[in-house]
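A.B. asks: Before anything else, here's the structure in question.
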Amino acid sequence: SPMSEKFGTFLSYRTSGRYPNICELYHNGIKTDLKNEKFDSMELGMDYKLRNNFIKWSFYRQTVNDMIRYGIYSDEYSIAFGRAFNDKKYSYYGINIDLSSTFLKFFQIFARYSYTKNNEVNPFLYNPESNGYFSFVINDIEDIFTKSSVTSMIKFSCRYLGEEYMKYYSPYIRDFALSNSLTEPSVIFNLKTLVKISTFTFIYEIDNIFGEDFVEVYGYPVPKGAVRIGLQWDFFD
């Protein structure tokens with residue numbers, strides 16, 4: 001709801017659910033008595049715009065009821081999954097602060113800071129306690145020197161992931177994560193370049209430039225660097 005041309009507030013609420021799948025409903029041919037998962041999310045905040053500068057602040061709370069999980073049994077060599085069950089209620093809350101600015105026509109910056117707190121530590125509700133993001137974008141770099149029909153963009157980004165507090169089911173997995181610095185704070189640098197000539201766009205991207213060890217999804221460490229080269233052809237306007 002805009003309170004003025006520069007200042008506004010917002011409030012949102014959404015809910016969703018998930019039915020158990022066939023594997024969860026039947027374990028070894030025996031029907032389980034599973035309830036549906038339910039997810040609720042609420043967010044409220046305010047934003048302020050002044051010329052080419054924009055700042056946004058928001059508070060959010062998310063809750064999961066009757067999350068479907070599996071009983072897990074582990075030893076030194078393997079992990080086995082047992083019968084599915086409905087877990088207790090989990091919730092977490094946090095704040096987001098966004099700042100963006102455009103200056104000298106060609107340059108843009110965007111920054112975000114997030115803080116999240118879990119009421120109960122649950123590995124399926126993964127979120128580092130603090131999370132930061134900063135990007136610096138140069139648009140139409142060729143126009144800085146000379147006018148041309150080429151359109152380009154260079155984007156440098158830096159992301160900060162705070163220390164992870166997720167628990168690991170197996171002590172051997174936990175020890176591996178600790179010994180490989182997978183739960184420590186990480187700073188990740190990325191680069192993306194786009195050059196558009198007529199209907200063709202050339203894309204060059206480098207992720208995790210300095211090969212940082214970190215995890216975004218439980219059990220799946222992110223590769224130490226990735227390079228992507230692409231060509232996009234827009235044949236419809």
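Labels used: A, B, ... for chains in the order of the structure tokens, numbers from 1 for residues in each chain, and numbers from 1 for ligands as shown.
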Need to verify the contact set: Tyr48 (chain A), 8 Å, only C-alpha atoms, exclusion of same-chain residues closer than 6 positions in sequence. Can you return it as a PyMOL selection string?

C.D. replies: chain A and resi 6-8+54-56

A.B. asks: With all heavy atoms retained, write the just-selected residues as a tab-separated table (two decimals), in the first residue's frame.

C.D. replies:
```tsv
chain	number	residue	atom	x	y	z
A	6	LYS	N	7.27	8.06	-2.53
A	6	LYS	CA	8.59	7.57	-2.15
A	6	LYS	C	8.54	6.43	-1.13
A	6	LYS	O	9.46	5.62	-1.07
A	6	LYS	CB	9.42	8.71	-1.58
A	6	LYS	CG	9.68	9.85	-2.56
A	6	LYS	CD	10.51	10.93	-1.91
A	6	LYS	CE	10.80	12.06	-2.90
A	6	LYS	NZ	11.60	13.14	-2.26
A	7	PHE	N	7.48	6.36	-0.34
A	7	PHE	CA	7.45	5.44	0.79
A	7	PHE	C	6.22	4.54	0.69
A	7	PHE	O	5.12	4.98	0.36
A	7	PHE	CB	7.41	6.23	2.10
A	7	PHE	CG	7.40	5.38	3.32
A	7	PHE	CD1	8.56	4.76	3.76
A	7	PHE	CD2	6.22	5.19	4.04
A	7	PHE	CE1	8.55	3.98	4.89
A	7	PHE	CE2	6.22	4.41	5.17
A	7	PHE	CZ	7.38	3.79	5.60
A	8	GLY	N	6.41	3.23	0.97
A	8	GLY	CA	5.29	2.29	0.91
A	8	GLY	C	5.46	1.16	1.90
A	8	GLY	O	6.55	0.91	2.42
A	54	PHE	N	16.97	2.71	-4.01
A	54	PHE	CA	15.82	1.98	-3.47
A	54	PHE	C	16.27	1.15	-2.28
A	54	PHE	O	17.30	0.45	-2.34
A	54	PHE	CB	15.23	1.07	-4.55
A	54	PHE	CG	14.05	0.27	-4.11
A	54	PHE	CD1	12.78	0.83	-4.08
A	54	PHE	CD2	14.20	-1.06	-3.72
A	54	PHE	CE1	11.68	0.08	-3.67
A	54	PHE	CE2	13.12	-1.81	-3.31
A	54	PHE	CZ	11.85	-1.23	-3.28
A	55	ILE	N	15.53	1.23	-1.17
A	55	ILE	CA	15.82	0.40	0.00
A	55	ILE	C	14.53	-0.28	0.45
A	55	ILE	O	13.44	0.30	0.40
A	55	ILE	CB	16.42	1.25	1.15
A	55	ILE	CG1	16.86	0.32	2.29
A	55	ILE	CG2	15.47	2.34	1.62
A	55	ILE	CD1	17.68	1.01	3.35
A	56	LYS	N	14.66	-1.55	0.84
A	56	LYS	CA	13.50	-2.33	1.25
A	56	LYS	C	13.86	-3.12	2.51
A	56	LYS	O	14.93	-3.73	2.59
A	56	LYS	CB	13.09	-3.29	0.13
A	56	LYS	CG	11.98	-4.26	0.49
A	56	LYS	CD	11.71	-5.21	-0.67
A	56	LYS	CE	10.70	-6.30	-0.31
A	56	LYS	NZ	10.49	-7.25	-1.43
```

A.B. asks: Excluding Met46 (chain A) and any residue of its chain fewer than 6 positions from it, enumerate the residues within 12 Å of it, using only C-alpha atoms, and give them as a short mmCIF file (atom, residue, chain, number, x, y, z; two decimals) with C-alpha atoms, in the first residue's frame.

C.D. replies:
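Output below, filename result_33.cif:
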```
data_model
loop_
_atom_site.label_atom_id
_atom_site.label_comp_id
_atom_site.auth_asym_id
_atom_site.auth_seq_id
_atom_site.Cartn_x
_atom_site.Cartn_y
_atom_site.Cartn_z
CA SER A 1 0.00 0.00 0.00
CA PRO A 2 1.82 3.17 -1.15
CA MET A 3 1.77 5.85 1.56
CA SER A 4 3.45 8.35 -0.76
CA LYS A 6 8.59 7.57 -2.15
CA PHE A 7 7.45 5.44 0.79
CA GLY A 8 5.29 2.29 0.91
CA THR A 9 4.38 -0.71 3.06
CA PHE A 10 3.37 -4.26 2.19
CA LEU A 11 1.95 -7.38 3.84
CA SER A 12 1.65 -10.84 2.30
CA PHE A 54 15.82 1.98 -3.47
CA ILE A 55 15.82 0.40 0.00
CA LYS A 56 13.50 -2.33 1.25
CA TRP A 57 13.15 -3.86 4.72
CA SER A 58 11.00 -6.90 5.54
CA PHE A 59 10.30 -9.35 8.35
CA ILE A 95 14.75 -10.18 8.28
CA ASN A 96 15.77 -9.09 4.79
CA ILE A 97 17.33 -5.73 3.91
CA ASP A 98 17.74 -4.85 0.22
#
```

A.B. asks: Given the choices A:Glu212, A:Asp234, A:Asp140, A:Glu5, which gets closest to Leu50 (chain A) if the distance is worked out from only C-alpha atoms?

C.D. replies: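 Closest to Leu50 (chain A), using only C-alpha atoms: A:Glu5.
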
A.B. asks: As an exercise, work out the distance from CA of Ser135 (chain A) to CA of Phe110 (chain A) in Å and give it to one decimal place.

C.D. replies: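 CA of Phe110 (chain A) lies at a distance of 5.3 Å from CA of Ser135 (chain A).
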
A.B. asks: Go through A:Leu191, A:Ala111, A:Met153, A:Ala84 and flag the residue nearest Ile22 (chain A), using only C-alpha atoms for the distances.

C.D. replies: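 Among the listed residues, the smallest separation from Ile22 (chain A) belongs to A:Ala84.
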
A.B. asks: Suppose you want the space between CA of Asn52 (chain A) and CA of Phe106 (chain A); what is it in Å?

C.D. replies: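 Between these atoms lies a distance of 12.3 Å.
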
A.B. asks: State, in Å with one decimal place, the distance from CA of Glu43 (chain A) to CA of Gln62 (chain A).

C.D. replies: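 Answer for the CA of Glu43 (chain A) to CA of Gln62 (chain A) separation: 8.7 Å.
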
A.B. asks: Using only C-alpha atoms, which of the listed residues (A:Phe235, A:Gly211, A:Lys105, A:Val150) sits closest to Ile197 (chain A)?

C.D. replies: A:Val150

A.B. asks: Do a neighbour search on Ser16 (chain A) at 12 Å with only C-alpha atoms, toss out local chain neighbours closer than 6 positions, and write the hits as a list in words.

C.D. replies: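 Contacts, with the query itself left out: Asn36, Glu37, Lys38, Phe39, Asp40, Ser41, Gln62, Thr63, Val64 and Asn65 of chain A.
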
A.B. asks: Excluding same-chain residues fewer than 2 positions from Gln108 (chain A), what lies within 7 Å of it counting only C-alpha atoms, as number ranges by chain?

C.D. replies: A: 101-103, 106, 110, 136-138

A.B. asks: Between A:Phe134, A:Ser152, A:Met42, A:Ile109, single out the one closest to Ser91 (chain A), counting only C-alpha atoms.

C.D. replies: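 With only C-alpha atoms as the atom set, the closest residue is A:Met42.
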